Amino acid sequence: MPSPDDYSYDELLEYCEAHPNFPIVFGGAGVGCIINRIGQIRGMPDALCDVATENSIGLRLIDRMQDVDLEVVQRSLAMVGNKVQIFCMGEDLGTQRGPIISPEAYRRVLKPRHKRFIDEAKRYGLLVMFHCCGASSWAFDDLADMSVDIIDTLQPEAASMDPAHLKRTYGHRLSFHGMMSTAGVLSFGTAQQVRDEVKRILDIMMPGGGFALAPTHLIQSNSPVDNVLALYDAARKFGCCAR
């Protein structure tokens with residue numbers, strides 16, 4: 001098993017102090033993640049079965065890895081918790097059509113383990129951003145109950161992830177980051193279609209605040225440069241920077 005001693009922490013403070021005029025996010029989509037990380041070791045079928053059956057050996061592996069990850073977070077925030085604004089963690093919770101595991105299994109097995117990380121971030125008064133791609137809105141109330149502030153990715157082509165539905169159903173509890181599909185118009189549409197989609201999304205998501213326009217995942221190499229430029233140009237034109 002890795003050890004928290006294997007990591008170097010001094011660079012964190014140097015980085016924060018070198019960027020005093022920017023909001024700083026600590027962490028990433030892999031922090032606190034269970035299914036993907038265990039799947040890389042056990043294989044995804046066994047990892048999912050570990051969660052579904054609460055296999056004692058699988059849960060022991062999960063907890064040992066979570067303990068290491070949490071201590072790395074604790075040591076890091078002890079150094080820079082007062083210099084960062086957002087803590088980011090994640091778990092892939094959805095396929096394109098529905099939950100990747102049952103909601104009951106999530107609440108029994110994953111939710112209490114995720115909460116340990118969220119509670120640590122809240123000790124420093126940080127906003128918590130939770131990455132969960134695919135059809136994951138079924139878990140949004142659970143995440144909000146744990147004091148998650150921001151949901152990251154928001155794939156509009158997945159089931160129950162339409163922007164109007166998310167804004168109407170969860171906008172009073174959560175903020176959102178994402179929604180510009182890298183599997184859709186950004187990769188396969190025209191520059192004008194990108195501009196139209198940006199305006200459509202902003203018209204839905206921006207009223208009342210609580211939305212940051214972003215690609216659903218990292219922009220891929222199959223996205224034409226003109227489309228990427230159109231994304232930024234339209235965001236400036238129709239977004240809050242223009243108001």
# chains A, B, ... in the order shown; residues from 1 in each chain; ligands from 1
>>> select_by_dssp(residues="stretch 20-232 of chain A", states="strand (DSSP E or B)", output="MDAnalysis selection string")
chainID A and resid 25:27 86:90 94 99 127:131 150:153 175:180 211:215
>>> residues_around(residues="stretch 222-224 of chain A", least_positions_apart="5", cutoff="10 Å", atoms="only C-alpha atoms", output="PDB file with N, CA and C atoms, in the first residue's frame")
ATOM      1  N   THR A 182     -18.696  17.459 -24.644  1.00  0.00           N
ATOM      2  CA  THR A 182     -17.565  17.156 -25.517  1.00  0.00           C
ATOM      3  C   THR A 182     -17.863  15.958 -26.413  1.00  0.00           C
ATOM      4  N   ALA A 183     -18.994  15.285 -26.190  1.00  0.00           N
ATOM      5  CA  ALA A 183     -19.398  14.162 -27.043  1.00  0.00           C
ATOM      6  C   ALA A 183     -20.482  14.577 -28.025  1.00  0.00           C
ATOM      7  N   GLY A 184     -20.787  15.873 -28.047  1.00  0.00           N
ATOM      8  CA  GLY A 184     -21.856  16.364 -28.901  1.00  0.00           C
ATOM      9  C   GLY A 184     -21.400  17.479 -29.809  1.00  0.00           C
ATOM     10  N   VAL A 185     -22.052  18.623 -29.657  1.00  0.00           N
ATOM     11  CA  VAL A 185     -21.874  19.700 -30.626  1.00  0.00           C
ATOM     12  C   VAL A 185     -20.447  20.244 -30.646  1.00  0.00           C
ATOM     13  N   LEU A 186     -19.763  20.218 -29.531  1.00  0.00           N
ATOM     14  CA  LEU A 186     -18.407  20.762 -29.504  1.00  0.00           C
ATOM     15  C   LEU A 186     -17.474  19.976 -30.415  1.00  0.00           C
ATOM     16  N   SER A 187     -17.698  18.678 -30.505  1.00  0.00           N
ATOM     17  CA  SER A 187     -16.860  17.833 -31.354  1.00  0.00           C
ATOM     18  C   SER A 187     -17.404  17.668 -32.767  1.00  0.00           C
ATOM     19  N   PHE A 188     -18.734  17.631 -32.900  1.00  0.00           N
ATOM     20  CA  PHE A 188     -19.315  17.219 -34.175  1.00  0.00           C
ATOM     21  C   PHE A 188     -20.199  18.279 -34.829  1.00  0.00           C
ATOM     22  N   GLY A 189     -20.404  19.419 -34.174  1.00  0.00           N
ATOM     23  CA  GLY A 189     -21.220  20.467 -34.752  1.00  0.00           C
ATOM     24  C   GLY A 189     -20.389  21.526 -35.452  1.00  0.00           C
ATOM     25  N   THR A 190     -21.077  22.564 -35.897  1.00  0.00           N
ATOM     26  CA  THR A 190     -20.408  23.713 -36.493  1.00  0.00           C
ATOM     27  C   THR A 190     -20.147  24.765 -35.427  1.00  0.00           C
ATOM     28  N   ALA A 191     -19.332  25.762 -35.777  1.00  0.00           N
ATOM     29  CA  ALA A 191     -19.045  26.836 -34.828  1.00  0.00           C
ATOM     30  C   ALA A 191     -20.335  27.569 -34.448  1.00  0.00           C
ATOM     31  N   LEU A 229     -12.879  27.903 -30.039  1.00  0.00           N
ATOM     32  CA  LEU A 229     -12.879  29.366 -29.986  1.00  0.00           C
ATOM     33  C   LEU A 229     -14.303  29.900 -29.905  1.00  0.00           C
ATOM     34  N   ALA A 230     -15.223  29.268 -30.620  1.00  0.00           N
ATOM     35  CA  ALA A 230     -16.624  29.703 -30.571  1.00  0.00           C
ATOM     36  C   ALA A 230     -17.200  29.522 -29.170  1.00  0.00           C
TER      37      ALA A 230
END
>>> residues_around(residues="A:Pro99", least_positions_apart="2", cutoff="9 Å", atoms="only C-alpha atoms", output="ChimeraX atom specification")
/A:93-97,101-103,134-139
>>> write_last_selection(atoms="N, CA and C atoms", output="PDB file, in the first residue's frame")
ATOM      1  N   LEU A  93     -20.784   7.839 -10.937  1.00  0.00           N
ATOM      2  CA  LEU A  93     -21.985   7.236 -10.372  1.00  0.00           C
ATOM      3  C   LEU A  93     -23.014   6.846 -11.419  1.00  0.00           C
ATOM      4  N   GLY A  94     -22.782   7.196 -12.690  1.00  0.00           N
ATOM      5  CA  GLY A  94     -23.800   6.924 -13.686  1.00  0.00           C
ATOM      6  C   GLY A  94     -23.252   6.361 -14.983  1.00  0.00           C
ATOM      7  N   THR A  95     -24.045   5.488 -15.613  1.00  0.00           N
ATOM      8  CA  THR A  95     -23.850   5.137 -17.005  1.00  0.00           C
ATOM      9  C   THR A  95     -24.533   6.234 -17.827  1.00  0.00           C
ATOM     10  N   GLN A  96     -24.713   6.015 -19.105  1.00  0.00           N
ATOM     11  CA  GLN A  96     -25.471   6.984 -19.898  1.00  0.00           C
ATOM     12  C   GLN A  96     -26.970   6.865 -19.635  1.00  0.00           C
ATOM     13  N   ARG A  97     -27.405   5.759 -19.026  1.00  0.00           N
ATOM     14  CA  ARG A  97     -28.842   5.500 -18.892  1.00  0.00           C
ATOM     15  C   ARG A  97     -29.347   5.503 -17.459  1.00  0.00           C
ATOM     16  N   ILE A 101     -24.432   1.830  -9.844  1.00  0.00           N
ATOM     17  CA  ILE A 101     -24.752   0.924  -8.746  1.00  0.00           C
ATOM     18  C   ILE A 101     -26.126   1.335  -8.221  1.00  0.00           C
ATOM     19  N   SER A 102     -26.735   0.496  -7.411  1.00  0.00           N
ATOM     20  CA  SER A 102     -28.055   0.854  -6.893  1.00  0.00           C
ATOM     21  C   SER A 102     -27.931   2.014  -5.909  1.00  0.00           C
ATOM     22  N   PRO A 103     -28.931   2.882  -5.854  1.00  0.00           N
ATOM     23  CA  PRO A 103     -28.906   3.955  -4.856  1.00  0.00           C
ATOM     24  C   PRO A 103     -28.745   3.425  -3.438  1.00  0.00           C
ATOM     25  N   GLY A 134     -22.010  11.019 -16.301  1.00  0.00           N
ATOM     26  CA  GLY A 134     -23.092  10.128 -16.683  1.00  0.00           C
ATOM     27  C   GLY A 134     -24.416  10.552 -16.065  1.00  0.00           C
ATOM     28  N   ALA A 135     -25.350   9.612 -16.041  1.00  0.00           N
ATOM     29  CA  ALA A 135     -26.682   9.864 -15.486  1.00  0.00           C
ATOM     30  C   ALA A 135     -26.616   9.752 -13.969  1.00  0.00           C
ATOM     31  N   SER A 136     -26.224  10.822 -13.332  1.00  0.00           N
ATOM     32  CA  SER A 136     -25.931  10.795 -11.897  1.00  0.00           C
ATOM     33  C   SER A 136     -26.847  11.664 -11.057  1.00  0.00           C
ATOM     34  N   SER A 137     -27.869  12.266 -11.653  1.00  0.00           N
ATOM     35  CA  SER A 137     -28.710  13.183 -10.875  1.00  0.00           C
ATOM     36  C   SER A 137     -29.479  12.459  -9.769  1.00  0.00           C
ATOM     37  N   TRP A 138     -29.614  11.148  -9.881  1.00  0.00           N
ATOM     38  CA  TRP A 138     -30.285  10.376  -8.826  1.00  0.00           C
ATOM     39  C   TRP A 138     -29.588  10.529  -7.474  1.00  0.00           C
ATOM     40  N   ALA A 139     -28.298  10.887  -7.503  1.00  0.00           N
ATOM     41  CA  ALA A 139     -27.518  11.007  -6.263  1.00  0.00           C
ATOM     42  C   ALA A 139     -27.390  12.444  -5.774  1.00  0.00           C
TER      43      ALA A 139
END
>>> residues_around(residues="stretch 148-164 of chain A", least_positions_apart="3", cutoff="8 Å", atoms="only C-alpha atoms", output="ChimeraX atom specification")
/A:95-98,118,127-137,143-145,167-168,173-181,201,204-205,214-217
>>> write_last_selection(atoms="C-alpha atoms", output="PDB file, in the first residue's frame")
ATOM      1  CA  THR A  95     -23.850   5.137 -17.005  1.00  0.00           C
ATOM      2  CA  GLN A  96     -25.471   6.984 -19.898  1.00  0.00           C
ATOM      3  CA  ARG A  97     -28.842   5.500 -18.892  1.00  0.00           C
ATOM      4  CA  GLY A  98     -28.932   5.289 -15.103  1.00  0.00           C
ATOM      5  CA  ILE A 118     -16.409  16.319   2.700  1.00  0.00           C
ATOM      6  CA  LEU A 127     -16.756  24.795  -0.994  1.00  0.00           C
ATOM      7  CA  VAL A 128     -16.920  21.160  -2.090  1.00  0.00           C
ATOM      8  CA  MET A 129     -17.111  20.260  -5.781  1.00  0.00           C
ATOM      9  CA  PHE A 130     -18.055  16.665  -6.563  1.00  0.00           C
ATOM     10  CA  HIS A 131     -17.279  15.135  -9.952  1.00  0.00           C
ATOM     11  CA  CYS A 132     -19.816  12.548 -11.100  1.00  0.00           C
ATOM     12  CA  CYS A 133     -20.385  11.988 -14.795  1.00  0.00           C
ATOM     13  CA  GLY A 134     -23.092  10.128 -16.683  1.00  0.00           C
ATOM     14  CA  ALA A 135     -26.682   9.864 -15.486  1.00  0.00           C
ATOM     15  CA  SER A 136     -25.931  10.795 -11.897  1.00  0.00           C
ATOM     16  CA  SER A 137     -28.710  13.183 -10.875  1.00  0.00           C
ATOM     17  CA  LEU A 143     -24.634  14.772  -2.177  1.00  0.00           C
ATOM     18  CA  ALA A 144     -26.418  17.956  -1.104  1.00  0.00           C
ATOM     19  CA  ASP A 145     -27.306  16.291   2.193  1.00  0.00           C
ATOM     20  CA  LYS A 167     -31.871  23.731 -12.714  1.00  0.00           C
ATOM     21  CA  ARG A 168     -35.519  23.299 -11.768  1.00  0.00           C
ATOM     22  CA  ARG A 173     -29.501  23.243  -3.347  1.00  0.00           C
ATOM     23  CA  LEU A 174     -26.539  22.923  -5.692  1.00  0.00           C
ATOM     24  CA  SER A 175     -24.375  24.896  -8.071  1.00  0.00           C
ATOM     25  CA  PHE A 176     -23.221  23.388 -11.360  1.00  0.00           C
ATOM     26  CA  HIS A 177     -20.000  23.230 -13.383  1.00  0.00           C
ATOM     27  CA  GLY A 178     -20.019  21.824 -16.927  1.00  0.00           C
ATOM     28  CA  MET A 179     -22.885  21.088 -19.365  1.00  0.00           C
ATOM     29  CA  MET A 180     -21.061  21.795 -22.678  1.00  0.00           C
ATOM     30  CA  SER A 181     -20.914  18.307 -24.135  1.00  0.00           C
ATOM     31  CA  ILE A 201     -27.455  26.519 -21.842  1.00  0.00           C
ATOM     32  CA  ILE A 204     -31.424  28.067 -18.721  1.00  0.00           C
ATOM     33  CA  MET A 205     -28.685  27.733 -16.141  1.00  0.00           C
ATOM     34  CA  ALA A 214     -17.425  24.367 -18.828  1.00  0.00           C
ATOM     35  CA  PRO A 215     -16.856  21.328 -21.040  1.00  0.00           C
ATOM     36  CA  THR A 216     -18.361  18.130 -19.662  1.00  0.00           C
ATOM     37  CA  HIS A 217     -14.868  16.609 -19.690  1.00  0.00           C
TER      38      HIS A 217
END
>>> closest_residue(among="A:Met79, A:Val225, A:Leu61, A:Val194", to="A:Asp10", atoms="only C-alpha atoms")
A:Met79
>>> select_by_dssp(residues="stretch 10-197 of chain A", states="alpha helix (DSSP H)", output="MDAnalysis selection string")
chainID A and resid 10:18 35:42 44:53 56:80 103:105 111:122 140:145 163:170 185:188 191:197
>>> residues_around(residues="stretch 87-91 of chain A", least_positions_apart="4", cutoff="8 Å", atoms="only C-alpha atoms", output="JSON, numbers by chain")
{"A": [25, 26, 27, 28, 29, 30, 31, 32, 33, 34, 35, 36, 121, 126, 127, 128, 129, 130, 131, 132]}
>>> write_last_selection(atoms="N, CA and C atoms", output="JSON list (two decimals), in the first residue's frame")
[["chain", "number", "residue", "atom", "x", "y", "z"],
["A", 25, "VAL", "N", -8.40, 25.56, -6.58],
["A", 25, "VAL", "CA", -9.11, 24.31, -6.31],
["A", 25, "VAL", "C", -8.08, 23.27, -5.88],
["A", 26, "PHE", "N", -8.32, 22.64, -4.74],
["A", 26, "PHE", "CA", -7.45, 21.55, -4.29],
["A", 26, "PHE", "C", -8.15, 20.23, -4.52],
["A", 27, "GLY", "N", -7.42, 19.25, -5.03],
["A", 27, "GLY", "CA", -7.97, 17.93, -5.24],
["A", 27, "GLY", "C", -8.23, 17.66, -6.69],
["A", 28, "GLY", "N", -9.21, 16.82, -6.97],
["A", 28, "GLY", "CA", -9.53, 16.44, -8.33],
["A", 28, "GLY", "C", -10.55, 15.32, -8.33],
["A", 29, "ALA", "N", -10.96, 14.90, -9.53],
["A", 29, "ALA", "CA", -12.02, 13.92, -9.66],
["A", 29, "ALA", "C", -11.66, 12.57, -9.04],
["A", 30, "GLY", "N", -10.37, 12.27, -8.91],
["A", 30, "GLY", "CA", -9.96, 10.98, -8.37],
["A", 30, "GLY", "C", -9.85, 10.93, -6.86],
["A", 31, "VAL", "N", -9.91, 12.08, -6.21],
["A", 31, "VAL", "CA", -9.77, 12.10, -4.75],
["A", 31, "VAL", "C", -11.03, 11.51, -4.11],
["A", 32, "GLY", "N", -10.84, 10.55, -3.23],
["A", 32, "GLY", "CA", -11.98, 9.92, -2.57],
["A", 32, "GLY", "C", -12.72, 8.93, -3.43],
["A", 33, "CYS", "N", -12.31, 8.76, -4.69],
["A", 33, "CYS", "CA", -13.00, 7.87, -5.62],
["A", 33, "CYS", "C", -12.79, 6.41, -5.21],
["A", 34, "ILE", "N", -13.83, 5.64, -5.26],
["A", 34, "ILE", "CA", -13.77, 4.24, -4.83],
["A", 34, "ILE", "C", -13.84, 3.27, -6.01],
["A", 35, "ILE", "N", -14.90, 3.34, -6.79],
["A", 35, "ILE", "CA", -15.15, 2.32, -7.81],
["A", 35, "ILE", "C", -14.04, 2.27, -8.86],
["A", 36, "ASN", "N", -13.67, 3.42, -9.42],
["A", 36, "ASN", "CA", -12.64, 3.42, -10.46],
["A", 36, "ASN", "C", -11.30, 2.96, -9.92],
["A", 121, "ALA", "N", -13.03, 18.83, 4.45],
["A", 121, "ALA", "CA", -13.00, 20.10, 3.72],
["A", 121, "ALA", "C", -13.82, 21.17, 4.44],
["A", 126, "LEU", "N", -14.41, 25.22, 3.23],
["A", 126, "LEU", "CA", -14.25, 25.19, 1.78],
["A", 126, "LEU", "C", -15.55, 24.80, 1.09],
["A", 127, "LEU", "N", -15.73, 25.32, -0.11],
["A", 127, "LEU", "CA", -16.76, 24.79, -0.99],
["A", 127, "LEU", "C", -16.30, 23.42, -1.47],
["A", 128, "VAL", "N", -17.24, 22.51, -1.63],
["A", 128, "VAL", "CA", -16.92, 21.16, -2.09],
["A", 128, "VAL", "C", -17.53, 20.95, -3.47],
["A", 129, "MET", "N", -16.67, 20.60, -4.43],
["A", 129, "MET", "CA", -17.11, 20.26, -5.78],
["A", 129, "MET", "C", -16.96, 18.75, -5.97],
["A", 130, "PHE", "N", -18.02, 18.12, -6.42],
["A", 130, "PHE", "CA", -18.06, 16.66, -6.56],
["A", 130, "PHE", "C", -18.21, 16.31, -8.03],
["A", 131, "HIS", "N", -17.21, 15.59, -8.56],
["A", 131, "HIS", "CA", -17.28, 15.13, -9.95],
["A", 131, "HIS", "C", -18.05, 13.83, -10.03],
["A", 132, "CYS", "N", -19.11, 13.80, -10.84],
["A", 132, "CYS", "CA", -19.82, 12.55, -11.10],
["A", 132, "CYS", "C", -20.44, 12.65, -12.49]]
>>> closest_residue(among="A:Ser76, A:Asn82, A:Ile38, A:Met1", to="A:Glu17", atoms="only C-alpha atoms")
A:Asn82
>>> atom_distance(atom1="atom CA of A:Val72", atom2="atom CA of A:Leu48")
25.3 Å
>>> atom_distance(atom1="atom CA of A:Leu166", atom2="atom CA of A:Lys237")
23.6 Å
